[in-house]
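Notes for the one structure printed next.
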Amino acid sequence: MIDAKPCDIVAFTAHPDDVELNCGGTLALAVRQGWKAGAVDFTRGELGTRGTPEVRAREAEEAARVLGLSCRTNLGLPDGRLRDTDEARLLVVRALRLLRPRVVIAPPLADHHPDHGAVGAILAASLHLAGIAKYAPDLEPWRPHALLHYLGMRGGPPDLVVDVTSVYETRVAAILAHASQFHREGSAERPTRIAHPHFLEAVEAAVRRSGALIGVRYGEGYTLEGPVPVADLVALFAEEPWKHPEAQARP
Ligand SMILES: [Zn+2]
């Protein structure tokens with residue numbers, strides 16, 4: 001059941017650690033800037049080689065605390081079997097109407113795990129449906145203002161990069177809250193992609209790469225569904241992030 005606290009920005013992802021690995025910095029930064037942020041996980045990650053659903057739920061709760069999320073909920077859909085169905089869309093429409101986010105983050109439409117692409121497609125459809133009053137009319141319609149897809153493992157060029165340098169330590173701490181998933185020295189558990197000793201270096205490389213594109217140390221990149229509304233184009237690009245604020249030429 002979703003705790004119906006409105007949130008300004010909500011990330012919808014497939015598995016309990018997807019938020020932290022892909023957009024945790026963006027959410028932590030939004031919280032620091034005074035917005036309410038939330039996360040909706042589609043599955044309990046029960047197909048994960050390591051960690052039980054109970055352990056993963058506790059880790060997700062701890063990660064949410066680290067990021068400062070106002071709410072985190074789990075839709076309880078089956079791991080490895082996510083599809084863009086009417087049932088899944090209805091669950092998401094209900095979540096969008098209860099949480100009323102202005103900004104929504106979803107996985108890319110294609111990624112290494114089929115569940116990620118499915119969640120991306122479900123969100124793209126549900127964002128529109130949530131604004132149609134006669135679709136599931138027991139809840140007030142709500143259409144978020146923007147849908148962003150995080151880049152995922154395939155890492156295509158982003159349309160937008162959020163500078164997460166100031167919250168990078170928080171981002172890492174939230175990832176490490178999912179301790180059951182990562183490499184542990186001397187563990188006899190079956191090796192996995194995420195538990196490889198070098199996996200977290202690859203995660204860091206991705207945010208370093210996105211950050212480099214806008215001239216900052218760490219960035220989280222996104223592609224956008226729909227155009228960015230711009231009222232003042234010069235203001236949007238007035239500052240060069242790699243320059244110290246005093247070095248910026250101001251009119
Ligand atoms: Zn995942």
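Simple scheme: letters A, B, ... for chains in structure tokens order, numbers from 1 for residues in each chain, numbers from 1 for ligands in the order shown.
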
Would you list the residues that come within 6 Å of ligand 1? Count only C-alpha atoms and all ligand atoms and give the answer as a PyMOL selection string. chain A and resi 14-15+18

Can you write out the residues you just picked, keeping N, CA and C atoms, as a short mmCIF file (atom, residue, chain, number, x, y, z; two decimals), in the first residue's frame?
data_model
loop_
_atom_site.label_atom_id
_atom_site.label_comp_id
_atom_site.auth_asym_id
_atom_site.auth_seq_id
_atom_site.Cartn_x
_atom_site.Cartn_y
_atom_site.Cartn_z
N ALA A 14 13.02 -1.04 -11.16
CA ALA A 14 12.61 -2.44 -11.12
C ALA A 14 13.01 -3.16 -9.84
N HIS A 15 14.25 -2.95 -9.39
CA HIS A 15 14.81 -3.75 -8.29
C HIS A 15 15.26 -2.86 -7.14
N ASP A 18 18.25 -0.40 -7.70
CA ASP A 18 18.36 0.35 -8.96
C ASP A 18 18.38 1.86 -8.74
#

Range 169-246 of chain A residues near range 114-125 of chain A within 12 Å, closest pair each, using only C-alpha atoms, as a Markdown table:
| residue | atom | partner | partner_atom | distance |
| --- | --- | --- | --- | --- |
| A:Thr223 | CA | A:Gly120 | CA | 11.5 |
| A:Leu224 | CA | A:Ala124 | CA | 10.6 |
| A:Glu225 | CA | A:Ala124 | CA | 7.9 |
| A:Gly226 | CA | A:Ala124 | CA | 10.7 |

Okay, now the selection with N, CA and C atoms, as a CSV table (one decimal), in the first residue's frame?
chain,number,residue,atom,x,y,z
A,223,THR,N,18.1,10.9,-20.3
A,223,THR,CA,17.4,11.3,-21.6
A,223,THR,C,16.0,11.7,-21.2
A,224,LEU,N,15.4,12.6,-22.0
A,224,LEU,CA,14.1,13.2,-21.7
A,224,LEU,C,13.0,12.7,-22.6
A,225,GLU,N,11.8,12.5,-22.1
A,225,GLU,CA,10.6,12.3,-22.9
A,225,GLU,C,10.0,13.7,-23.0
A,226,GLY,N,10.1,14.3,-24.2
A,226,GLY,CA,9.5,15.6,-24.4
A,226,GLY,C,10.5,16.7,-24.1

Filtered DSSP result for range 84-167 of chain A, state strand (DSSP E), as a count of residues only: 13

Pick from A:Pro144, A:Arg100, A:Val234, A:Glu20 nearest to Glu59 in chain A, counting only C-alpha atoms: A:Glu20

Would you mind writing down, as a short mmCIF file (atom, residue, chain, number, x, y, z; two decimals) with C-alpha atoms, in the first residue's frame, each residue of range 152-248 of chain A that DSSP on the backbone assigns to alpha helix (DSSP H)?
data_model
loop_
_atom_site.label_atom_id
_atom_site.label_comp_id
_atom_site.auth_asym_id
_atom_site.auth_seq_id
_atom_site.Cartn_x
_atom_site.Cartn_y
_atom_site.Cartn_z
CA TYR A 168 28.56 12.08 -3.93
CA GLU A 169 29.42 10.65 -0.49
CA THR A 170 25.71 10.23 0.26
CA ARG A 171 25.23 8.53 -3.11
CA VAL A 172 27.99 6.01 -2.29
CA ALA A 173 26.67 5.41 1.25
CA ALA A 174 23.19 4.64 -0.12
CA ILE A 175 24.66 2.16 -2.62
CA LEU A 176 26.67 0.44 0.11
CA PHE A 199 31.69 -3.50 -10.09
CA LEU A 200 31.63 -0.34 -7.97
CA GLU A 201 34.54 1.07 -9.99
CA ALA A 202 32.36 0.78 -13.09
CA VAL A 203 29.52 2.58 -11.27
CA GLU A 204 31.91 5.39 -10.33
CA ALA A 205 33.26 5.56 -13.89
CA ALA A 206 29.74 6.12 -15.24
CA VAL A 207 29.07 9.11 -12.97
CA ARG A 208 32.57 10.49 -13.62
CA ARG A 209 31.91 10.24 -17.36
CA SER A 210 28.52 12.02 -17.12
CA GLY A 211 30.04 14.67 -14.86
CA ALA A 212 32.85 15.28 -17.34
CA LEU A 213 30.29 16.09 -20.03
CA ILE A 214 29.19 19.19 -18.10
CA LEU A 233 17.90 30.47 -22.35
CA VAL A 234 20.89 32.59 -21.37
CA ALA A 235 20.26 32.07 -17.63
CA LEU A 236 20.10 28.30 -18.20
#

Residues within 7 Å of Val161 in chain A, only C-alpha atoms, excluding chain neighbours under 4 positions, as a PyMOL selection string: chain A and resi 210+219-222

Shell around Ala88 in chain A at 12 Å using only C-alpha atoms, local window under 2 positions removed, as a ChimeraX atom specification: /A:14,42-43,75-78,81-86,90-95,118-123,125-126

Any chance you can output those residues with N, CA and C atoms as a PDB file, in the first residue's frame?
ATOM      1  N   ALA A  14      13.023  -1.044 -11.157  1.00  0.00           N
ATOM      2  CA  ALA A  14      12.608  -2.444 -11.124  1.00  0.00           C
ATOM      3  C   ALA A  14      13.005  -3.157  -9.835  1.00  0.00           C
ATOM      4  N   PHE A  42       9.505  -1.758  -8.201  1.00  0.00           N
ATOM      5  CA  PHE A  42       8.482  -2.652  -8.768  1.00  0.00           C
ATOM      6  C   PHE A  42       8.515  -4.041  -8.141  1.00  0.00           C
ATOM      7  N   THR A  43       9.715  -4.546  -7.824  1.00  0.00           N
ATOM      8  CA  THR A  43       9.845  -5.925  -7.322  1.00  0.00           C
ATOM      9  C   THR A  43      10.688  -5.949  -6.058  1.00  0.00           C
ATOM     10  N   LEU A  75       5.930  -2.284  -5.188  1.00  0.00           N
ATOM     11  CA  LEU A  75       4.684  -2.727  -5.826  1.00  0.00           C
ATOM     12  C   LEU A  75       4.498  -4.247  -5.734  1.00  0.00           C
ATOM     13  N   GLY A  76       5.552  -4.989  -5.392  1.00  0.00           N
ATOM     14  CA  GLY A  76       5.425  -6.437  -5.194  1.00  0.00           C
ATOM     15  C   GLY A  76       5.166  -7.225  -6.467  1.00  0.00           C
ATOM     16  N   LEU A  77       5.573  -6.686  -7.615  1.00  0.00           N
ATOM     17  CA  LEU A  77       5.403  -7.416  -8.885  1.00  0.00           C
ATOM     18  C   LEU A  77       6.549  -8.432  -9.033  1.00  0.00           C
ATOM     19  N   PRO A  78       6.366  -9.439  -9.894  1.00  0.00           N
ATOM     20  CA  PRO A  78       7.360 -10.529  -9.944  1.00  0.00           C
ATOM     21  C   PRO A  78       8.661 -10.143 -10.646  1.00  0.00           C
ATOM     22  N   ARG A  81       9.879 -10.858 -14.469  1.00  0.00           N
ATOM     23  CA  ARG A  81       8.680 -11.087 -15.301  1.00  0.00           C
ATOM     24  C   ARG A  81       7.899  -9.794 -15.534  1.00  0.00           C
ATOM     25  N   LEU A  82       8.550  -8.663 -15.439  1.00  0.00           N
ATOM     26  CA  LEU A  82       7.830  -7.399 -15.630  1.00  0.00           C
ATOM     27  C   LEU A  82       7.491  -7.209 -17.104  1.00  0.00           C
ATOM     28  N   ARG A  83       6.279  -6.777 -17.336  1.00  0.00           N
ATOM     29  CA  ARG A  83       5.787  -6.518 -18.690  1.00  0.00           C
ATOM     30  C   ARG A  83       4.941  -5.251 -18.660  1.00  0.00           C
ATOM     31  N   ASP A  84       4.848  -4.593 -19.801  1.00  0.00           N
ATOM     32  CA  ASP A  84       3.967  -3.428 -19.928  1.00  0.00           C
ATOM     33  C   ASP A  84       2.532  -3.936 -20.122  1.00  0.00           C
ATOM     34  N   THR A  85       1.844  -4.182 -19.002  1.00  0.00           N
ATOM     35  CA  THR A  85       0.467  -4.698 -19.042  1.00  0.00           C
ATOM     36  C   THR A  85      -0.492  -3.660 -18.461  1.00  0.00           C
ATOM     37  N   ASP A  86      -1.798  -3.860 -18.686  1.00  0.00           N
ATOM     38  CA  ASP A  86      -2.800  -2.967 -18.089  1.00  0.00           C
ATOM     39  C   ASP A  86      -2.706  -2.976 -16.567  1.00  0.00           C
ATOM     40  N   LEU A  90      -1.965   0.303 -14.327  1.00  0.00           N
ATOM     41  CA  LEU A  90      -2.936   0.759 -13.335  1.00  0.00           C
ATOM     42  C   LEU A  90      -2.257   0.988 -11.980  1.00  0.00           C
ATOM     43  N   LEU A  91      -1.364   0.077 -11.587  1.00  0.00           N
ATOM     44  CA  LEU A  91      -0.625   0.250 -10.327  1.00  0.00           C
ATOM     45  C   LEU A  91       0.195   1.541 -10.363  1.00  0.00           C
ATOM     46  N   VAL A  92       0.813   1.811 -11.502  1.00  0.00           N
ATOM     47  CA  VAL A  92       1.660   3.005 -11.611  1.00  0.00           C
ATOM     48  C   VAL A  92       0.802   4.268 -11.648  1.00  0.00           C
ATOM     49  N   VAL A  93      -0.307   4.218 -12.378  1.00  0.00           N
ATOM     50  CA  VAL A  93      -1.210   5.380 -12.410  1.00  0.00           C
ATOM     51  C   VAL A  93      -1.670   5.708 -10.986  1.00  0.00           C
ATOM     52  N   ARG A  94      -2.018   4.698 -10.226  1.00  0.00           N
ATOM     53  CA  ARG A  94      -2.464   4.934  -8.849  1.00  0.00           C
ATOM     54  C   ARG A  94      -1.323   5.551  -8.016  1.00  0.00           C
ATOM     55  N   ALA A  95      -0.122   5.018  -8.190  1.00  0.00           N
ATOM     56  CA  ALA A  95       1.031   5.564  -7.455  1.00  0.00           C
ATOM     57  C   ALA A  95       1.274   7.025  -7.841  1.00  0.00           C
ATOM     58  N   ALA A 118      11.153  -2.743 -19.351  1.00  0.00           N
ATOM     59  CA  ALA A 118       9.706  -2.862 -19.114  1.00  0.00           C
ATOM     60  C   ALA A 118       9.222  -1.715 -18.232  1.00  0.00           C
ATOM     61  N   VAL A 119       9.972  -1.400 -17.165  1.00  0.00           N
ATOM     62  CA  VAL A 119       9.557  -0.303 -16.278  1.00  0.00           C
ATOM     63  C   VAL A 119       9.606   1.028 -17.033  1.00  0.00           C
ATOM     64  N   GLY A 120      10.630   1.214 -17.864  1.00  0.00           N
ATOM     65  CA  GLY A 120      10.706   2.447 -18.664  1.00  0.00           C
ATOM     66  C   GLY A 120       9.473   2.609 -19.541  1.00  0.00           C
ATOM     67  N   ALA A 121       9.051   1.519 -20.191  1.00  0.00           N
ATOM     68  CA  ALA A 121       7.885   1.575 -21.084  1.00  0.00           C
ATOM     69  C   ALA A 121       6.584   1.763 -20.299  1.00  0.00           C
ATOM     70  N   ILE A 122       6.479   1.094 -19.150  1.00  0.00           N
ATOM     71  CA  ILE A 122       5.261   1.233 -18.325  1.00  0.00           C
ATOM     72  C   ILE A 122       5.105   2.685 -17.876  1.00  0.00           C
ATOM     73  N   LEU A 123       6.222   3.313 -17.481  1.00  0.00           N
ATOM     74  CA  LEU A 123       6.153   4.708 -17.029  1.00  0.00           C
ATOM     75  C   LEU A 123       5.786   5.643 -18.175  1.00  0.00           C
ATOM     76  N   ALA A 125       3.972   5.098 -20.714  1.00  0.00           N
ATOM     77  CA  ALA A 125       2.530   4.999 -20.990  1.00  0.00           C
ATOM     78  C   ALA A 125       1.713   5.556 -19.829  1.00  0.00           C
ATOM     79  N   SER A 126       2.128   5.239 -18.614  1.00  0.00           N
ATOM     80  CA  SER A 126       1.307   5.585 -17.445  1.00  0.00           C
ATOM     81  C   SER A 126       1.300   7.081 -17.155  1.00  0.00           C
TER      82      SER A 126
END
